[in-house]
Amino acid sequence: MSVETQKETLGFQTEVKQLLHLMIHSLYSNKEIFLRELISNASDAVDKLRFEALSKPELLEGGAELKIRVSYDKDAKTVTLEDNGIGMSRDDAITHLGTIAKSGTADFMKNLSGDQKKDSHLIGQFGVGFYSAFIVADQVEVFSRRAGLAASEGVHWSSKGEGEFEIATVDKADRGTRIVLHLKSAEDEFADGWRLRNIIKKYSDHIALPIELPKEQAAAEGDDAPAQEWEVVNRASALWTRSRTEVKDEEYQEFYKHIAHDYENPLSWSHNKVEGKLEYSSLLYVPARAPFDLYQREAPKGLKLYVQRVFVMDQAESFLPLYLRFIKGVVDSNDLSLNVSREILQKDPIIDSMKSALTKRVLDMLEKLAKNEPEQYQGFWKNFGQVMKEGPAEDFANKEKIAGLLRFASTQGDDGEQNVSLTEYLARAKEGQDKIYYLSGETYAQVKNSPHLEVFRKKGIEVLLLTDRIDEWLMSYLSDFDGKSFVDVARGDLDLGNLDSEEDKKAAEEVAKTKEGLVERIKTALGDAVSEVRVSHRLTDSPAILAIGEQDLGMQMRQILEASGQKVPDSKPIFEFNPAHPLIEKLDAEQSEERFGDLSHILFDQAALAAGDGLKDPAAYVRRLNKLLVELSV
Ligand code: ADP
């Protein structure tokens with residue numbers, strides 16, 4: 001044992017402690033995944049070395065045969081993993097094995113409930129990596145040395161997973177990392193060649209570098225035991241270079257877990273090889289569940305980039321648009337240079353054409369999923385729908401395709417679930433309907449009961465109900481789908497086109513004519529509060545309604561702009577009334593101008609309330625209403 005110097009005991013970051021607590025109290029029914037996680041890290045470390053060695057060949061230090069070795073000791077109850085990858089310096093070990101660098105981690109940890117089942121699901125989304133060693137071990141030792149550092153600058157990290165770890169500087173002759181797991185007594189079954197071999201085959205066959213186990217040898221007598229021989233147990237070739245027909249679903253799934261650091265299987269994948277002017281392979285996955293940091297600015301996005309099989313960078317975001325940031329996968333190019341950088345990627349025209357091809361692949365894959373497995377697609381939509389809604393604004397060229405993938409709640413459903421596609425909507429449109437009607441608002445309950453829908457209900461016309469914050473903004477980028485334009489039913493002078501019969505239209509005009517006097521009176525009473533007063537033909541049950549001007553901002557956009565500190569232009573609503581409603585008839589017959597004024601204001605305020613808008617002067621509303629109530633009761 002070499003000498004240890006500069007020995008220190010340090011505490012784990014709070015979030016690591018929480019994670020370790022979960023590990024140790026064994027959330028996992030599937031304990032064997034610890035090996036997959038550690039092998040995945042070792043493989044990443046080798047990828048990093050291979051890449052850095054392109055410009056600094058001396059990092060290979062003569063040991064260019066990159067590999068991972070897994071060994072075990074039945075008597076000592078240990079399992080040891082050794083890689084000759086990039087390794088860690090003392091500082092690396094303190095940061096990487098003592099803290100979690102992902103942004104939003106603290107917030108994420110707050111979501112943990114203490115309910116093991118729920119938490120294990122959440123933690124799956126988060127990914128546990130190295131710390132999963134503590135599922136099976138009650139002590140973990142890491143010996144590592146960063147490639148390029150002197151043999152005397154090795155590090156020994158050790159912890160029982162309880163809140164602190166020890167760190168010391170040691171000699172380590174070879175670069176890379178050795179992890180020794182001291183198995184819990186109940187988990188000593190893992191110190192077994194046959195068991196380890198099976199786990200490696202099952203989860204890590206796709207790892208592109210050799211994973212070796214000790215060859216079983218006949219026990220030798222005395223001191224002349226032969227040198228240990230090793231044998232490769234995995235396939236050790238990059239999965240994406242193999243032909244599609246040859247790769248099993250389980251292999252695709254395990255590869256996904258490796259690159260995505262996910263615990264769940266992906267929903268779908270698309271594996272392609274492109275030959276011709278550009279040559280590249282791509283393997284793209286749709287995850288089943290949104291990562292906890294989908295909406296964090298700094299969250300990882302993009303694909304793993306390889307150039308001629310050599311790993312070049314993680315999160316190469318130039319290959320997909322931002323609204324597809326949840327897609328995981330690999331792209332391996334034959335055309336790019338090995339020393340390509342993020343900056344170069346941003347400017348390279350090759351990347352643009354790859355980006356549009358990859359984008360199309362993803363959209364095709366989603367279309368296929370929606371068509372063949374609508375239930376799965378529904379799950380996808382719940383997780384990623386909000387992000388997909390960013391699409392039409394970002395990706396003009398694919399607007400129609402993205403629109404086809406959108407899902408909405410509608411008046412035909414009754415639970416507010418977003419499950420109606422535009423194609424489905426159009427397929428059941430009314431005879432003569434050449435528009436796609438929608439209504440947006442704060443909550444489902446509010447839009448579902450909005451008076452704006454009265455005429456649609458009466459005529460049996462479906463209306464899409466949009467209540468996500470992003471919806472109004474989305475609709476400002478979508479003008480039509482399949483040649484049919486979108487119409488906000490709360491906006492402007494509703495024209496139902498062919499859906500209104502000639503008689504209906506004529507009758508409405510007649511009524512409007514007879515109510516011109518009333519329109520003027522209300523206009524005078526409401527004054528500045530409205531931009532216009534008119535007779536409505538969208539109401540059957542309610543007395544009045546507020547419509548938004550054709551060019552004015554809707555409520556959601558207003559709120560978004562206000563929240564971002566922008567000045568929002570002033571706009572006034574249009575007051576529409578239902579001439580057939582008894583309250584309006586009463587209003588029309590009212591002799592006292594004062595009472596007429598009060599009643600008009602009350603109707604106006606009520607319409608604002610029904611639209612989900614707050615009242616400008618709630619006290620005035622209450623005062624007016626109470627005045628009427630008092631008069632009523634005498
Ligand atoms: P993740 O792999 O998701 O980043 P982990 O907790 O699994 O998280 O690992 C934390 C970090 O520790 C890794 O990002 C890496 O920098 C470092 N690390 C882990 N295993 C190794 C290894 N075998 N060789 C070099 N560095 C490693």
# chains A, B, ... in the order shown; residues from 1 in each chain; ligands from 1
$ residues_around --residues "region 61-70 of chain A" --least-positions-apart "2" --cutoff "6 Å" --atoms "only C-alpha atoms" --output "PyMOL selection string"
chain A and resi 58-59+80-83+209-213
$ residues_around --residues "Val463 (chain A)" --least-positions-apart "4" --cutoff "9 Å" --atoms "only C-alpha atoms" --output "PyMOL selection string"
chain A and resi 409-412+425+436-439+453+456-457+489
$ write_last_selection --atoms "N, CA and C atoms" --output "PDB file, in the first residue's frame"
ATOM      1  N   ALA A 409     -57.111  20.426 -26.072  1.00  0.00           N
ATOM      2  CA  ALA A 409     -58.391  20.119 -25.426  1.00  0.00           C
ATOM      3  C   ALA A 409     -59.469  20.732 -26.315  1.00  0.00           C
ATOM      4  N   SER A 410     -60.679  20.215 -26.214  1.00  0.00           N
ATOM      5  CA  SER A 410     -61.723  20.780 -27.064  1.00  0.00           C
ATOM      6  C   SER A 410     -63.087  20.618 -26.417  1.00  0.00           C
ATOM      7  N   THR A 411     -64.066  21.291 -27.003  1.00  0.00           N
ATOM      8  CA  THR A 411     -65.426  21.197 -26.467  1.00  0.00           C
ATOM      9  C   THR A 411     -66.016  19.800 -26.651  1.00  0.00           C
ATOM     10  N   GLN A 412     -65.386  18.970 -27.465  1.00  0.00           N
ATOM     11  CA  GLN A 412     -65.884  17.610 -27.648  1.00  0.00           C
ATOM     12  C   GLN A 412     -65.412  16.665 -26.549  1.00  0.00           C
ATOM     13  N   TYR A 425     -59.861  17.126 -35.711  1.00  0.00           N
ATOM     14  CA  TYR A 425     -60.810  18.237 -35.634  1.00  0.00           C
ATOM     15  C   TYR A 425     -61.457  18.468 -36.998  1.00  0.00           C
ATOM     16  N   ILE A 436     -60.939  26.799 -38.298  1.00  0.00           N
ATOM     17  CA  ILE A 436     -60.653  26.036 -37.075  1.00  0.00           C
ATOM     18  C   ILE A 436     -60.866  27.003 -35.922  1.00  0.00           C
ATOM     19  N   TYR A 437     -61.877  26.738 -35.123  1.00  0.00           N
ATOM     20  CA  TYR A 437     -62.229  27.672 -34.053  1.00  0.00           C
ATOM     21  C   TYR A 437     -61.518  27.323 -32.756  1.00  0.00           C
ATOM     22  N   TYR A 438     -61.063  28.358 -32.052  1.00  0.00           N
ATOM     23  CA  TYR A 438     -60.444  28.111 -30.761  1.00  0.00           C
ATOM     24  C   TYR A 438     -60.749  29.250 -29.796  1.00  0.00           C
ATOM     25  N   LEU A 439     -60.618  28.931 -28.531  1.00  0.00           N
ATOM     26  CA  LEU A 439     -60.803  29.939 -27.491  1.00  0.00           C
ATOM     27  C   LEU A 439     -59.672  29.762 -26.499  1.00  0.00           C
ATOM     28  N   LEU A 453     -68.830  30.481 -26.137  1.00  0.00           N
ATOM     29  CA  LEU A 453     -69.074  29.187 -26.780  1.00  0.00           C
ATOM     30  C   LEU A 453     -70.556  28.920 -27.033  1.00  0.00           C
ATOM     31  N   PHE A 456     -71.672  28.229 -30.503  1.00  0.00           N
ATOM     32  CA  PHE A 456     -71.023  27.021 -31.041  1.00  0.00           C
ATOM     33  C   PHE A 456     -71.694  25.769 -30.494  1.00  0.00           C
ATOM     34  N   ARG A 457     -72.078  25.886 -29.239  1.00  0.00           N
ATOM     35  CA  ARG A 457     -72.768  24.754 -28.634  1.00  0.00           C
ATOM     36  C   ARG A 457     -74.103  24.556 -29.328  1.00  0.00           C
ATOM     37  N   VAL A 489     -62.451  32.666 -31.246  1.00  0.00           N
ATOM     38  CA  VAL A 489     -63.879  32.983 -31.156  1.00  0.00           C
ATOM     39  C   VAL A 489     -64.164  34.166 -30.230  1.00  0.00           C
TER      40      VAL A 489
END
$ residues_near_ligand --ligand "ligand 1" --cutoff "8 Å" --atoms "only C-alpha atoms and all ligand atoms" --output "ChimeraX atom specification"
/A:37-46,82-83,85-88,92-93,95-97,100-101,127-131,144,146,176-179,261
$ residues_around --residues "Gly302 (chain A)" --least-positions-apart "5" --cutoff "12 Å" --atoms "only C-alpha atoms" --output "number ranges by chain"
A: 259-260, 284-285, 313-331, 342, 355, 358-359
$ closest_residue --among "A:Asp171, A:Asp91, A:Glu279, A:Glu187" --to "Ala137 (chain A)" --atoms "only C-alpha atoms"
A:Glu187
$ closest_residue --among "A:Gly614, A:Gly527, A:Glu216, A:Trp473" --to "Gly597 (chain A)" --atoms "only C-alpha atoms"
A:Gly527
$ select_by_dssp --residues "region 387-604 of chain A" --states "strand (DSSP E or B)" --output "compact mmCIF listing (two decimals) with N, CA, C and O atoms, in the first residue's frame"
# COMPACT_ATOMS: atom_id res chain seq x y z
N PHE A 408 -54.83 19.26 -28.61
CA PHE A 408 -55.57 20.29 -27.89
C PHE A 408 -56.73 19.70 -27.10
O PHE A 408 -57.28 18.66 -27.47
N ALA A 409 -57.11 20.43 -26.07
CA ALA A 409 -58.39 20.12 -25.43
C ALA A 409 -59.47 20.73 -26.31
O ALA A 409 -59.19 21.65 -27.09
N SER A 410 -60.68 20.21 -26.21
CA SER A 410 -61.72 20.78 -27.06
C SER A 410 -63.09 20.62 -26.42
O SER A 410 -63.24 19.91 -25.42
N VAL A 420 -56.84 16.16 -28.86
CA VAL A 420 -57.45 16.30 -30.19
C VAL A 420 -56.42 16.87 -31.16
O VAL A 420 -55.83 17.91 -30.90
N LYS A 435 -63.18 26.87 -41.13
CA LYS A 435 -62.31 27.50 -40.15
C LYS A 435 -62.03 26.52 -39.01
O LYS A 435 -62.77 25.58 -38.79
N ILE A 436 -60.94 26.80 -38.30
CA ILE A 436 -60.65 26.04 -37.08
C ILE A 436 -60.87 27.00 -35.92
O ILE A 436 -60.15 28.00 -35.80
N TYR A 437 -61.88 26.74 -35.12
CA TYR A 437 -62.23 27.67 -34.05
C TYR A 437 -61.52 27.32 -32.76
O TYR A 437 -61.40 26.15 -32.40
N TYR A 438 -61.06 28.36 -32.05
CA TYR A 438 -60.44 28.11 -30.76
C TYR A 438 -60.75 29.25 -29.80
O TYR A 438 -61.11 30.35 -30.21
N LEU A 439 -60.62 28.93 -28.53
CA LEU A 439 -60.80 29.94 -27.49
C LEU A 439 -59.67 29.76 -26.50
O LEU A 439 -59.38 28.64 -26.08
N SER A 440 -59.02 30.84 -26.12
CA SER A 440 -57.94 30.68 -25.14
C SER A 440 -58.27 31.40 -23.84
O SER A 440 -59.07 32.33 -23.83
N LEU A 464 -61.62 24.41 -30.11
CA LEU A 464 -60.44 23.99 -29.35
C LEU A 464 -60.29 24.91 -28.14
O LEU A 464 -60.50 26.12 -28.24
N LEU A 465 -59.94 24.33 -27.01
CA LEU A 465 -59.83 25.11 -25.77
C LEU A 465 -58.37 25.19 -25.34
O LEU A 465 -57.75 24.17 -25.02
N LEU A 466 -57.84 26.39 -25.37
CA LEU A 466 -56.39 26.56 -25.16
C LEU A 466 -56.13 27.24 -23.82
O LEU A 466 -56.51 28.39 -23.64
N ASP A 480 -52.87 28.96 -40.34
CA ASP A 480 -53.78 27.97 -40.92
C ASP A 480 -53.22 26.56 -40.83
O ASP A 480 -52.03 26.37 -40.55
N PHE A 481 -54.07 25.60 -41.05
CA PHE A 481 -53.66 24.20 -41.11
C PHE A 481 -54.50 23.52 -42.18
O PHE A 481 -55.72 23.68 -42.20
N LYS A 484 -57.09 25.59 -43.83
CA LYS A 484 -58.18 26.19 -43.05
C LYS A 484 -57.58 27.15 -42.02
O LYS A 484 -56.65 26.77 -41.30
N SER A 485 -58.14 28.36 -41.98
CA SER A 485 -57.52 29.30 -41.05
C SER A 485 -58.07 29.18 -39.64
O SER A 485 -59.18 28.70 -39.42
N PHE A 486 -57.25 29.62 -38.70
CA PHE A 486 -57.64 29.58 -37.29
C PHE A 486 -58.44 30.83 -36.94
O PHE A 486 -58.09 31.93 -37.38
N VAL A 487 -59.47 30.66 -36.15
CA VAL A 487 -60.27 31.81 -35.73
C VAL A 487 -60.44 31.78 -34.21
O VAL A 487 -60.91 30.79 -33.65
N ASP A 488 -60.02 32.86 -33.58
CA ASP A 488 -60.21 33.02 -32.14
C ASP A 488 -61.65 33.48 -31.93
O ASP A 488 -62.04 34.55 -32.39
N ARG A 491 -62.56 36.95 -30.49
CA ARG A 491 -61.92 38.10 -31.13
C ARG A 491 -62.78 38.63 -32.28
O ARG A 491 -63.34 37.85 -33.05
N GLU A 532 -66.25 49.72 -28.52
CA GLU A 532 -67.42 49.62 -29.38
C GLU A 532 -68.52 48.87 -28.63
O GLU A 532 -68.24 48.05 -27.75
N VAL A 533 -69.77 49.17 -29.00
CA VAL A 533 -70.90 48.41 -28.46
C VAL A 533 -71.68 47.88 -29.65
O VAL A 533 -71.87 48.60 -30.64
N ARG A 534 -72.07 46.58 -29.60
CA ARG A 534 -72.86 46.07 -30.72
C ARG A 534 -73.75 44.90 -30.29
O ARG A 534 -73.58 44.33 -29.20
N VAL A 535 -74.69 44.59 -31.16
CA VAL A 535 -75.59 43.48 -30.90
C VAL A 535 -74.84 42.19 -31.19
O VAL A 535 -74.14 42.09 -32.19
N ALA A 544 -74.53 39.40 -21.94
CA ALA A 544 -73.51 40.22 -22.60
C ALA A 544 -72.16 39.54 -22.56
O ALA A 544 -71.93 38.60 -21.80
N ILE A 545 -71.26 40.05 -23.36
CA ILE A 545 -69.96 39.43 -23.50
C ILE A 545 -68.95 40.49 -23.93
O ILE A 545 -69.34 41.49 -24.54
N LEU A 546 -67.67 40.27 -23.61
CA LEU A 546 -66.65 41.19 -24.11
C LEU A 546 -65.83 40.48 -25.19
O LEU A 546 -65.40 39.35 -25.00
N ALA A 547 -65.65 41.13 -26.31
CA ALA A 547 -64.81 40.57 -27.37
C ALA A 547 -63.53 41.40 -27.46
O ALA A 547 -63.51 42.57 -27.08
N ILE A 548 -62.47 40.74 -27.95
CA ILE A 548 -61.19 41.43 -28.11
C ILE A 548 -61.15 42.00 -29.53
O ILE A 548 -61.60 41.35 -30.48
N ILE A 574 -64.68 45.15 -26.81
CA ILE A 574 -65.95 45.43 -27.49
C ILE A 574 -67.06 44.82 -26.62
O ILE A 574 -66.95 43.67 -26.21
N PHE A 575 -68.09 45.61 -26.35
CA PHE A 575 -69.20 45.11 -25.54
C PHE A 575 -70.31 44.64 -26.48
O PHE A 575 -70.82 45.40 -27.29
N GLU A 576 -70.62 43.36 -26.39
CA GLU A 576 -71.71 42.82 -27.21
C GLU A 576 -72.84 42.37 -26.30
O GLU A 576 -72.60 41.73 -25.29
N PHE A 577 -74.09 42.69 -26.70
CA PHE A 577 -75.18 42.23 -25.85
C PHE A 577 -76.16 41.35 -26.63
O PHE A 577 -76.25 41.41 -27.86
$ select_by_dssp --residues "region 532-596 of chain A" --states "helix (DSSP H, G or I)" --output "list in words"
Met555, Gln556, Met557, Arg558, Gln559, Ile560, Leu561, Glu562, Ala563, Pro582, Leu583, Ile584, Glu585, Lys586, Leu587, Asp588, Ala589, Glu593, Glu594, Arg595 and Phe596 of chain A
$ write_last_selection --atoms "N, CA and C atoms" --output "compact mmCIF listing (two decimals), in the first residue's frame"
# COMPACT_ATOMS: atom_id res chain seq x y z
N MET A 555 -55.43 38.23 -23.41
CA MET A 555 -55.06 38.34 -22.00
C MET A 555 -53.72 37.68 -21.68
N GLN A 556 -53.50 36.47 -22.22
CA GLN A 556 -52.26 35.75 -21.92
C GLN A 556 -51.03 36.52 -22.39
N MET A 557 -51.11 37.03 -23.62
CA MET A 557 -49.97 37.75 -24.18
C MET A 557 -49.69 38.99 -23.35
N ARG A 558 -50.80 39.63 -22.96
CA ARG A 558 -50.70 40.80 -22.11
C ARG A 558 -49.93 40.47 -20.83
N GLN A 559 -50.35 39.37 -20.20
CA GLN A 559 -49.71 38.99 -18.93
C GLN A 559 -48.24 38.63 -19.12
N ILE A 560 -47.94 37.91 -20.21
CA ILE A 560 -46.55 37.53 -20.47
C ILE A 560 -45.70 38.79 -20.64
N LEU A 561 -46.21 39.72 -21.43
CA LEU A 561 -45.45 40.94 -21.68
C LEU A 561 -45.27 41.75 -20.40
N GLU A 562 -46.38 41.86 -19.64
CA GLU A 562 -46.29 42.62 -18.40
C GLU A 562 -45.28 41.99 -17.45
N ALA A 563 -45.31 40.64 -17.37
CA ALA A 563 -44.39 39.94 -16.46
C ALA A 563 -42.95 40.15 -16.88
N PRO A 582 -83.67 38.59 -21.09
CA PRO A 582 -84.60 39.42 -20.32
C PRO A 582 -83.93 40.62 -19.63
N LEU A 583 -82.69 40.46 -19.23
CA LEU A 583 -82.01 41.59 -18.58
C LEU A 583 -81.80 42.75 -19.56
N ILE A 584 -81.51 42.37 -20.79
CA ILE A 584 -81.29 43.41 -21.81
C ILE A 584 -82.63 44.07 -22.14
N GLU A 585 -83.67 43.25 -22.18
CA GLU A 585 -85.00 43.82 -22.43
C GLU A 585 -85.35 44.81 -21.32
N LYS A 586 -85.03 44.43 -20.13
CA LYS A 586 -85.28 45.29 -18.98
C LYS A 586 -84.49 46.59 -19.11
N LEU A 587 -83.24 46.42 -19.52
CA LEU A 587 -82.36 47.58 -19.68
C LEU A 587 -82.95 48.53 -20.71
N ASP A 588 -83.40 47.93 -21.81
CA ASP A 588 -83.93 48.72 -22.91
C ASP A 588 -85.14 49.54 -22.45
N ALA A 589 -85.90 48.96 -21.52
CA ALA A 589 -87.12 49.62 -21.06
C ALA A 589 -86.87 50.59 -19.91
N GLU A 593 -82.05 57.23 -16.28
CA GLU A 593 -80.71 57.16 -16.88
C GLU A 593 -79.68 56.68 -15.86
N GLU A 594 -79.92 57.05 -14.58
CA GLU A 594 -78.97 56.64 -13.56
C GLU A 594 -78.98 55.12 -13.42
N ARG A 595 -80.17 54.57 -13.35
CA ARG A 595 -80.27 53.13 -13.22
C ARG A 595 -79.77 52.42 -14.48
N PHE A 596 -80.06 53.03 -15.63
CA PHE A 596 -79.57 52.47 -16.89
C PHE A 596 -78.04 52.38 -16.87
$ residues_around --residues "Asp395 (chain A)" --least-positions-apart "2" --cutoff "10 Å" --atoms "only C-alpha atoms" --output "PDB file with N, CA, C and O atoms, in the first residue's frame"
ATOM      1  N   PRO A 321     -33.144  21.834 -33.561  1.00  0.00           N
ATOM      2  CA  PRO A 321     -33.681  23.101 -33.046  1.00  0.00           C
ATOM      3  C   PRO A 321     -33.991  22.983 -31.553  1.00  0.00           C
ATOM      4  O   PRO A 321     -34.101  21.877 -31.010  1.00  0.00           O
ATOM      5  N   LEU A 322     -34.156  24.117 -30.927  1.00  0.00           N
ATOM      6  CA  LEU A 322     -34.356  24.150 -29.470  1.00  0.00           C
ATOM      7  C   LEU A 322     -35.623  23.426 -29.020  1.00  0.00           C
ATOM      8  O   LEU A 322     -35.652  22.801 -27.967  1.00  0.00           O
ATOM      9  N   TYR A 323     -36.671  23.477 -29.840  1.00  0.00           N
ATOM     10  CA  TYR A 323     -37.926  22.856 -29.391  1.00  0.00           C
ATOM     11  C   TYR A 323     -37.817  21.327 -29.413  1.00  0.00           C
ATOM     12  O   TYR A 323     -38.699  20.643 -28.917  1.00  0.00           O
ATOM     13  N   SER A 356     -31.387  20.146 -40.711  1.00  0.00           N
ATOM     14  CA  SER A 356     -32.747  20.031 -41.248  1.00  0.00           C
ATOM     15  C   SER A 356     -33.118  18.571 -41.506  1.00  0.00           C
ATOM     16  O   SER A 356     -34.274  18.186 -41.313  1.00  0.00           O
ATOM     17  N   THR A 359     -33.910  17.073 -38.034  1.00  0.00           N
ATOM     18  CA  THR A 359     -35.186  17.609 -37.549  1.00  0.00           C
ATOM     19  C   THR A 359     -36.338  16.854 -38.204  1.00  0.00           C
ATOM     20  O   THR A 359     -37.302  16.453 -37.551  1.00  0.00           O
ATOM     21  N   GLU A 390     -43.376  25.347 -28.848  1.00  0.00           N
ATOM     22  CA  GLU A 390     -42.419  26.389 -29.228  1.00  0.00           C
ATOM     23  C   GLU A 390     -42.044  26.250 -30.700  1.00  0.00           C
ATOM     24  O   GLU A 390     -41.450  27.147 -31.291  1.00  0.00           O
ATOM     25  N   GLY A 391     -42.391  25.095 -31.284  1.00  0.00           N
ATOM     26  CA  GLY A 391     -41.933  24.760 -32.621  1.00  0.00           C
ATOM     27  C   GLY A 391     -42.318  25.715 -33.744  1.00  0.00           C
ATOM     28  O   GLY A 391     -41.446  26.207 -34.452  1.00  0.00           O
ATOM     29  N   PRO A 392     -43.608  25.985 -33.907  1.00  0.00           N
ATOM     30  CA  PRO A 392     -43.991  26.811 -35.050  1.00  0.00           C
ATOM     31  C   PRO A 392     -43.275  28.155 -35.097  1.00  0.00           C
ATOM     32  O   PRO A 392     -42.990  28.665 -36.181  1.00  0.00           O
ATOM     33  N   ALA A 393     -42.968  28.726 -33.943  1.00  0.00           N
ATOM     34  CA  ALA A 393     -42.281  30.015 -33.943  1.00  0.00           C
ATOM     35  C   ALA A 393     -40.821  29.859 -34.346  1.00  0.00           C
ATOM     36  O   ALA A 393     -40.239  30.719 -34.999  1.00  0.00           O
ATOM     37  N   ALA A 397     -40.110  26.399 -41.450  1.00  0.00           N
ATOM     38  CA  ALA A 397     -40.157  25.451 -42.565  1.00  0.00           C
ATOM     39  C   ALA A 397     -41.015  24.235 -42.233  1.00  0.00           C
ATOM     40  O   ALA A 397     -41.646  23.655 -43.117  1.00  0.00           O
ATOM     41  N   ASN A 398     -41.056  23.843 -40.979  1.00  0.00           N
ATOM     42  CA  ASN A 398     -41.805  22.633 -40.606  1.00  0.00           C
ATOM     43  C   ASN A 398     -43.111  22.932 -39.890  1.00  0.00           C
ATOM     44  O   ASN A 398     -43.660  22.071 -39.204  1.00  0.00           O
ATOM     45  N   LYS A 399     -43.585  24.161 -40.063  1.00  0.00           N
ATOM     46  CA  LYS A 399     -44.770  24.594 -39.325  1.00  0.00           C
ATOM     47  C   LYS A 399     -45.949  23.632 -39.478  1.00  0.00           C
ATOM     48  O   LYS A 399     -46.578  23.238 -38.503  1.00  0.00           O
ATOM     49  N   GLU A 400     -46.237  23.264 -40.699  1.00  0.00           N
ATOM     50  CA  GLU A 400     -47.411  22.424 -40.953  1.00  0.00           C
ATOM     51  C   GLU A 400     -47.242  21.045 -40.294  1.00  0.00           C
ATOM     52  O   GLU A 400     -48.159  20.502 -39.701  1.00  0.00           O
ATOM     53  N   ILE A 402     -45.338  20.317 -37.702  1.00  0.00           N
ATOM     54  CA  ILE A 402     -45.435  20.463 -36.244  1.00  0.00           C
ATOM     55  C   ILE A 402     -46.898  20.637 -35.840  1.00  0.00           C
ATOM     56  O   ILE A 402     -47.367  20.016 -34.884  1.00  0.00           O
TER      57      ILE A 402
END
$ residues_around --residues "Trp240 (chain A)" --least-positions-apart "3" --cutoff "8 Å" --atoms "only C-alpha atoms" --output "ChimeraX atom specification"
/A:243,271,281-283,330
$ write_last_selection --atoms "N, CA, C and O atoms" --output "compact mmCIF listing (two decimals), in the first residue's frame"
# COMPACT_ATOMS: atom_id res chain seq x y z
N SER A 243 -25.77 -2.61 -38.49
CA SER A 243 -26.95 -2.41 -39.32
C SER A 243 -28.20 -2.61 -38.48
O SER A 243 -28.22 -3.39 -37.53
N HIS A 271 -32.91 5.11 -36.31
CA HIS A 271 -31.49 4.83 -36.57
C HIS A 271 -31.24 4.89 -38.07
O HIS A 271 -31.89 4.18 -38.84
N SER A 281 -24.04 8.88 -39.56
CA SER A 281 -25.04 8.01 -38.97
C SER A 281 -25.71 8.78 -37.86
O SER A 281 -25.07 9.61 -37.21
N SER A 282 -26.96 8.48 -37.64
CA SER A 282 -27.62 9.11 -36.49
C SER A 282 -28.50 8.09 -35.81
O SER A 282 -29.05 7.19 -36.44
N LEU A 283 -28.58 8.22 -34.51
CA LEU A 283 -29.46 7.38 -33.72
C LEU A 283 -30.16 8.32 -32.74
O LEU A 283 -29.52 8.88 -31.85
N VAL A 330 -27.13 10.17 -30.82
CA VAL A 330 -25.76 10.24 -31.28
C VAL A 330 -25.76 10.62 -32.75
O VAL A 330 -26.60 10.14 -33.51
$ atom_distance --atom1 "CA of Ser542 (chain A)" --atom2 "CA of Asn578 (chain A)"
7.0 Å
$ closest_residue --among "A:Glu298, A:Glu166, A:Asp174, A:Glu32" --to "Arg145 (chain A)" --atoms "only C-alpha atoms"
A:Asp174
$ residues_around --residues "Met365 (chain A)" --least-positions-apart "2" --cutoff "9 Å" --atoms "only C-alpha atoms" --output "number ranges by chain"
A: 268-270, 286, 360-363, 367-370
$ write_last_selection --atoms "C-alpha atoms" --output "tab-separated table (two decimals), in the first residue's frame"
chain	number	residue	atom	x	y	z
A	268	SER	CA	-39.17	5.41	-29.76
A	269	TRP	CA	-35.98	5.67	-31.80
A	270	SER	CA	-34.78	6.21	-35.31
A	286	VAL	CA	-37.63	10.09	-27.82
A	360	LYS	CA	-37.26	15.97	-40.23
A	361	ARG	CA	-36.32	12.54	-38.92
A	362	VAL	CA	-37.48	13.45	-35.45
A	363	LEU	CA	-40.77	14.86	-36.72
A	367	GLU	CA	-45.73	11.25	-36.59
A	368	LYS	CA	-45.23	7.54	-36.71
A	369	LEU	CA	-45.55	7.22	-32.97
A	370	ALA	CA	-48.75	9.29	-33.01
$ decode --residues "region 115-119 of chain A" --atoms "N, CA, C and O atoms" --output "PDB file, in the first residue's frame"
ATOM      1  N   ASP A 115     -41.788   9.150   0.087  1.00  0.00           N
ATOM      2  CA  ASP A 115     -42.508   7.962  -0.374  1.00  0.00           C
ATOM      3  C   ASP A 115     -41.609   7.257  -1.391  1.00  0.00           C
ATOM      4  O   ASP A 115     -41.346   7.765  -2.475  1.00  0.00           O
ATOM      5  N   GLN A 116     -41.125   6.062  -1.007  1.00  0.00           N
ATOM      6  CA  GLN A 116     -40.094   5.408  -1.802  1.00  0.00           C
ATOM      7  C   GLN A 116     -40.473   5.207  -3.262  1.00  0.00           C
ATOM      8  O   GLN A 116     -39.669   5.414  -4.151  1.00  0.00           O
ATOM      9  N   LYS A 117     -41.695   4.831  -3.479  1.00  0.00           N
ATOM     10  CA  LYS A 117     -42.091   4.519  -4.849  1.00  0.00           C
ATOM     11  C   LYS A 117     -42.056   5.763  -5.724  1.00  0.00           C
ATOM     12  O   LYS A 117     -41.489   5.771  -6.808  1.00  0.00           O
ATOM     13  N   LYS A 118     -42.652   6.822  -5.189  1.00  0.00           N
ATOM     14  CA  LYS A 118     -42.684   8.078  -5.936  1.00  0.00           C
ATOM     15  C   LYS A 118     -41.268   8.583  -6.163  1.00  0.00           C
ATOM     16  O   LYS A 118     -40.913   9.020  -7.246  1.00  0.00           O
ATOM     17  N   ASP A 119     -40.478   8.533  -5.114  1.00  0.00           N
ATOM     18  CA  ASP A 119     -39.134   9.079  -5.203  1.00  0.00           C
ATOM     19  C   ASP A 119     -38.264   8.308  -6.183  1.00  0.00           C
ATOM     20  O   ASP A 119     -37.454   8.888  -6.889  1.00  0.00           O
TER      21      ASP A 119
END
